[in-house]
Amino acid sequence: MIKSVIRQNKKRVYIFAFALMSACVAMPVHAAEVPSIIPNPAVLSVQQGEFRIAGDTAIIVPAGDREARRAADYLRDLVQRTRGLNLKVQNGAARDGAINFVRERKTLSSGGAYRLHADTKRVTISGGTASGLLYGGISLWQLLGVDSLAVPAVKIDDAPRFAWRGIMLDSARHFQSPEFIRQYIDWMALHKLNVLHWHLTDDQSWRLEIRRYPELTKIAGYRVPAGPAAQADIDPATGKPRLYGGFYSQKTVREIVAYAAERGITVVPEIEMPGHATATLVAFPKLGSTDHPPKVVPADWGVYEYAYNADEATFTFLENVLKEVMALFPSKYIHVGGDEVSKTQWKESPQVQARMKQLGIKEPAALQVYFTQRMARFLKKNGRKLVGWDEILEPGLPDGSVVMSWRGLEGAFNAASKGFDTILSPWPTLYFDNRQSAAADQPPGRGRVISIEDVYKFEPMPDKLNAAERKHVLGLQGNVWTEHIRFEDRVGYMTFPRAAAIAELGWSAPERRDWAGFVKRLSTQFGRYDQLKIPYADSAFAVEAKPVYGAGQAAVALTSQTGFGDIRYTLDGSTPTATSPRYQSPVMVPIPGELRAATFSGERRTSTPRAIPLRRELAQRRASQQLKLCSANIDLSLEDDAPVAGPRAVFLMDINNPCWIFEQADMDKVKSIAAAVGQVPFNFQIGEEVKKIRFAAPATPEGELNVHLGKCDGEIIARLPLKPAVSSNGVTVLPPATIAGISGKHDLCLKFAQRFNDPAVDPVWALDWVDLVDDNARP
């Protein structure tokens, strides 16, 4: 679908979109409530009245129009799944009393454009393309809200701002089932997203069946996860640690690509080269650049030194792979990675150095340029365009290549100024492996918090670009890297609702974007997510509690990330409802007790109820997520490696410097300190950074958790020996250590002392929680 969009005259698309945006200012919006549609349409005018859908309402399509029929079927399915009505799709001419799909190629020819007019007599959805008809049907479904069968009378004229509105899904680090991929595509389509950038290969796996080279999936498609728990999980069939992974057959891929196309989504495959190739080199070591190739598919995250060599045999291999890739994916674009390529082995390899001399190349950086040129020429010869991460933007990059800017926006600026098309997906704002809130109940990911507001307020058309350069911005995408996202439901959780923000950024003009209005519409969108069982994060509306303990009671302040809606609470253990007390000021709760709270938009609940236990002994207990990290070099919300099956602890930590600050701890009545710790495998390839990791010398062979008063080089006021936890793969509560003679409020620094053999530290200790114990507060 994107292929047809970008082939069109870009000037025509932009002029059409601008005309719609300008028109929306002049069109009156009546007193009726503005419907909740995401992404926000270019022009929306609310009229008087409504069209009611009933069981006998027909959906009419032009006879013989297969694309209109598919759009109608998609709408029918949404209505059936969310309203229980099985509407009939019929061929015929548009008429009153029906939902009518109409072809309008003359004025709605640009990709995704549609017109939706509803009055008391009929609904008419007009579009010139398959995607336009599909999007019109999706907007009609959204007009129904969450539980209504009434379509408000509206006039909508709509078209997308950008041609590329995408999500990158990393299936290399963790394999997702084909069934999930299809679900994910449906969820994207509901947001009018139109590109699934599918990351299929990396250091940790090769996921795509290549019939000429079956070893790629047989060998490189599986690995043993990191950590002693996985090593101890023996497969009875082999007597070896159980392998983890999977791959997509060519038959499955064709089905997925066709499924996506019917939903207006182009699947753009990514085959990493010349770096991020470790798994491939396990299967085909002769393609590498070292005499010591990897022997097993690795489970470490980070950047490896392994890279393809530049021999002709290697290019033949890659071209053969891409031939099969192109046969599976009709996308105009093929992504070849090109990021984070270590040049170390190229510098050290006599074979590569000889090849560089033969090619007249003096520097390893220029060898990557040559690599990119070879792949770009091959793809161009086959009617495709090369896409690569912004490291490919070097002198000599072939015309027609597309630069995906991830290291901030400079890659996009430079690409556009040099006449290259570009796609914006900058770290950290559009990286969806970052946490969505700082709450302790968040799933694993990177330590940085990127809220939906952070995403929504990103501007994909920077002011720095001039008019000519702006034409080279194809659009934007959010990236779902899955190093720390093991499960499919977590993929959904980390994607949504931030993908809704991506959708609006990619579709709606700046003047049609408004944070407060988006949040209101998002509250309705959550109801749709619930109906369709889409996993999502409720962080935008989740209740956050801050208790202050006093004599016999606690004053509990309640807030949410967005401040939208009403917080309702209970104190009797029941689940809050829309009629429960509305939060207005800190709630006084007798202790011990429990407060339960959730956010509501009118009658509809928009967040999962949170239960907040209130006991004196919890007054100064802090989870790692509630502490301040001493540094944020490589900060991760890191999941424990055990147990193999079942819930695992999640630790917030900087793996380069495992160190936490308990800010302004009240020490007046503290008699002792308790803590829970875990061990996690240090499965990170971080190069020279590992040499910067330092620990204090331990007082015992097994090491200790030291508690420093004030600064991290301050007085040690407590040592908690780690010996009880050494043999455990899970979380261990350490025996408490006595603290005496300290009063007032102080920062406490918690650091591990352990033996450390440079350059390897495995496992690494992590703090789960710490508790400052007032013995008088214990029950």
# chains A, B, ... in the order shown; residues from 1 in each chain; ligands from 1
call {"tool": "residues_around", "arguments": {"residues": "Gln351 (chain A)", "least_positions_apart": "2", "cutoff": "9 Å", "atoms": "only C-alpha atoms", "output": "NGL selection string"}}
result
:A and (289-290 or 309 or 311 or 346 or 348-349 or 353-356)
call {"tool": "residues_around", "arguments": {"residues": "Asp186 (chain A)", "least_positions_apart": "5", "cutoff": "10 Å", "atoms": "only C-alpha atoms", "output": "PyMOL selection string"}}
result
chain A and resi 180-181+191-193+259-260+263-265+534
call {"tool": "atom_distance", "arguments": {"atom1": "CA of Val146 (chain A)", "atom2": "CA of Gly527 (chain A)"}}
result
5.8 Å
call {"tool": "select_by_dssp", "arguments": {"residues": "region 560-688 of chain A", "states": "helix (DSSP H, G or I)", "output": "PDB file with N, CA and C atoms, in the first residue's frame"}}
result
ATOM      1  N   ARG A 616       2.252   0.445  59.013  1.00  0.00           N
ATOM      2  CA  ARG A 616       3.369   1.231  59.541  1.00  0.00           C
ATOM      3  C   ARG A 616       4.713   0.681  59.088  1.00  0.00           C
ATOM      4  N   GLU A 617       4.811  -0.663  59.034  1.00  0.00           N
ATOM      5  CA  GLU A 617       6.119  -1.247  58.684  1.00  0.00           C
ATOM      6  C   GLU A 617       6.490  -1.035  57.218  1.00  0.00           C
ATOM      7  N   LEU A 618       5.531  -0.544  56.399  1.00  0.00           N
ATOM      8  CA  LEU A 618       5.841  -0.260  54.994  1.00  0.00           C
ATOM      9  C   LEU A 618       6.252   1.195  54.768  1.00  0.00           C
ATOM     10  N   SER A 624      13.172  -1.175  44.158  1.00  0.00           N
ATOM     11  CA  SER A 624      14.269  -0.550  43.402  1.00  0.00           C
ATOM     12  C   SER A 624      13.749   0.554  42.494  1.00  0.00           C
ATOM     13  N   GLN A 625      12.503   0.386  41.972  1.00  0.00           N
ATOM     14  CA  GLN A 625      11.927   1.398  41.087  1.00  0.00           C
ATOM     15  C   GLN A 625      11.600   2.691  41.829  1.00  0.00           C
ATOM     16  N   GLN A 626      11.525   2.631  43.160  1.00  0.00           N
ATOM     17  CA  GLN A 626      11.210   3.812  43.956  1.00  0.00           C
ATOM     18  C   GLN A 626      12.460   4.502  44.482  1.00  0.00           C
ATOM     19  N   GLY A 687      31.355  -3.807  25.169  1.00  0.00           N
ATOM     20  CA  GLY A 687      32.689  -3.386  24.750  1.00  0.00           C
ATOM     21  C   GLY A 687      33.554  -2.910  25.898  1.00  0.00           C
ATOM     22  N   GLU A 688      34.230  -1.794  25.684  1.00  0.00           N
ATOM     23  CA  GLU A 688      35.156  -1.256  26.675  1.00  0.00           C
ATOM     24  C   GLU A 688      34.446  -0.760  27.928  1.00  0.00           C
TER      25      GLU A 688
END
call {"tool": "residues_around", "arguments": {"residues": "His746 (chain A)", "least_positions_apart": "5", "cutoff": "10 Å", "atoms": "only C-alpha atoms", "output": "PyMOL selection string"}}
result
chain A and resi 662-667+709-711
call {"tool": "write_last_selection", "arguments": {"atoms": "C-alpha atoms", "output": "PDB file, in the first residue's frame"}}
result
ATOM      1  CA  PHE A 662      17.294   6.174  49.200  1.00  0.00           C
ATOM      2  CA  GLU A 663      16.627   9.908  49.263  1.00  0.00           C
ATOM      3  CA  GLN A 664      16.001  11.681  52.563  1.00  0.00           C
ATOM      4  CA  ALA A 665      15.430   8.597  54.654  1.00  0.00           C
ATOM      5  CA  ASP A 666      14.009   9.431  58.078  1.00  0.00           C
ATOM      6  CA  MET A 667      16.470   7.783  60.465  1.00  0.00           C
ATOM      7  CA  LEU A 709      25.420   7.493  54.950  1.00  0.00           C
ATOM      8  CA  GLY A 710      25.120  10.517  52.679  1.00  0.00           C
ATOM      9  CA  LYS A 711      27.394  10.163  49.676  1.00  0.00           C
TER      10      LYS A 711
END
call {"tool": "closest_residue", "arguments": {"among": "A:Trp206, A:Phe600, A:Phe329, A:Trp507", "to": "Tyr135 (chain A)", "atoms": "only C-alpha atoms"}}
result
A:Trp507
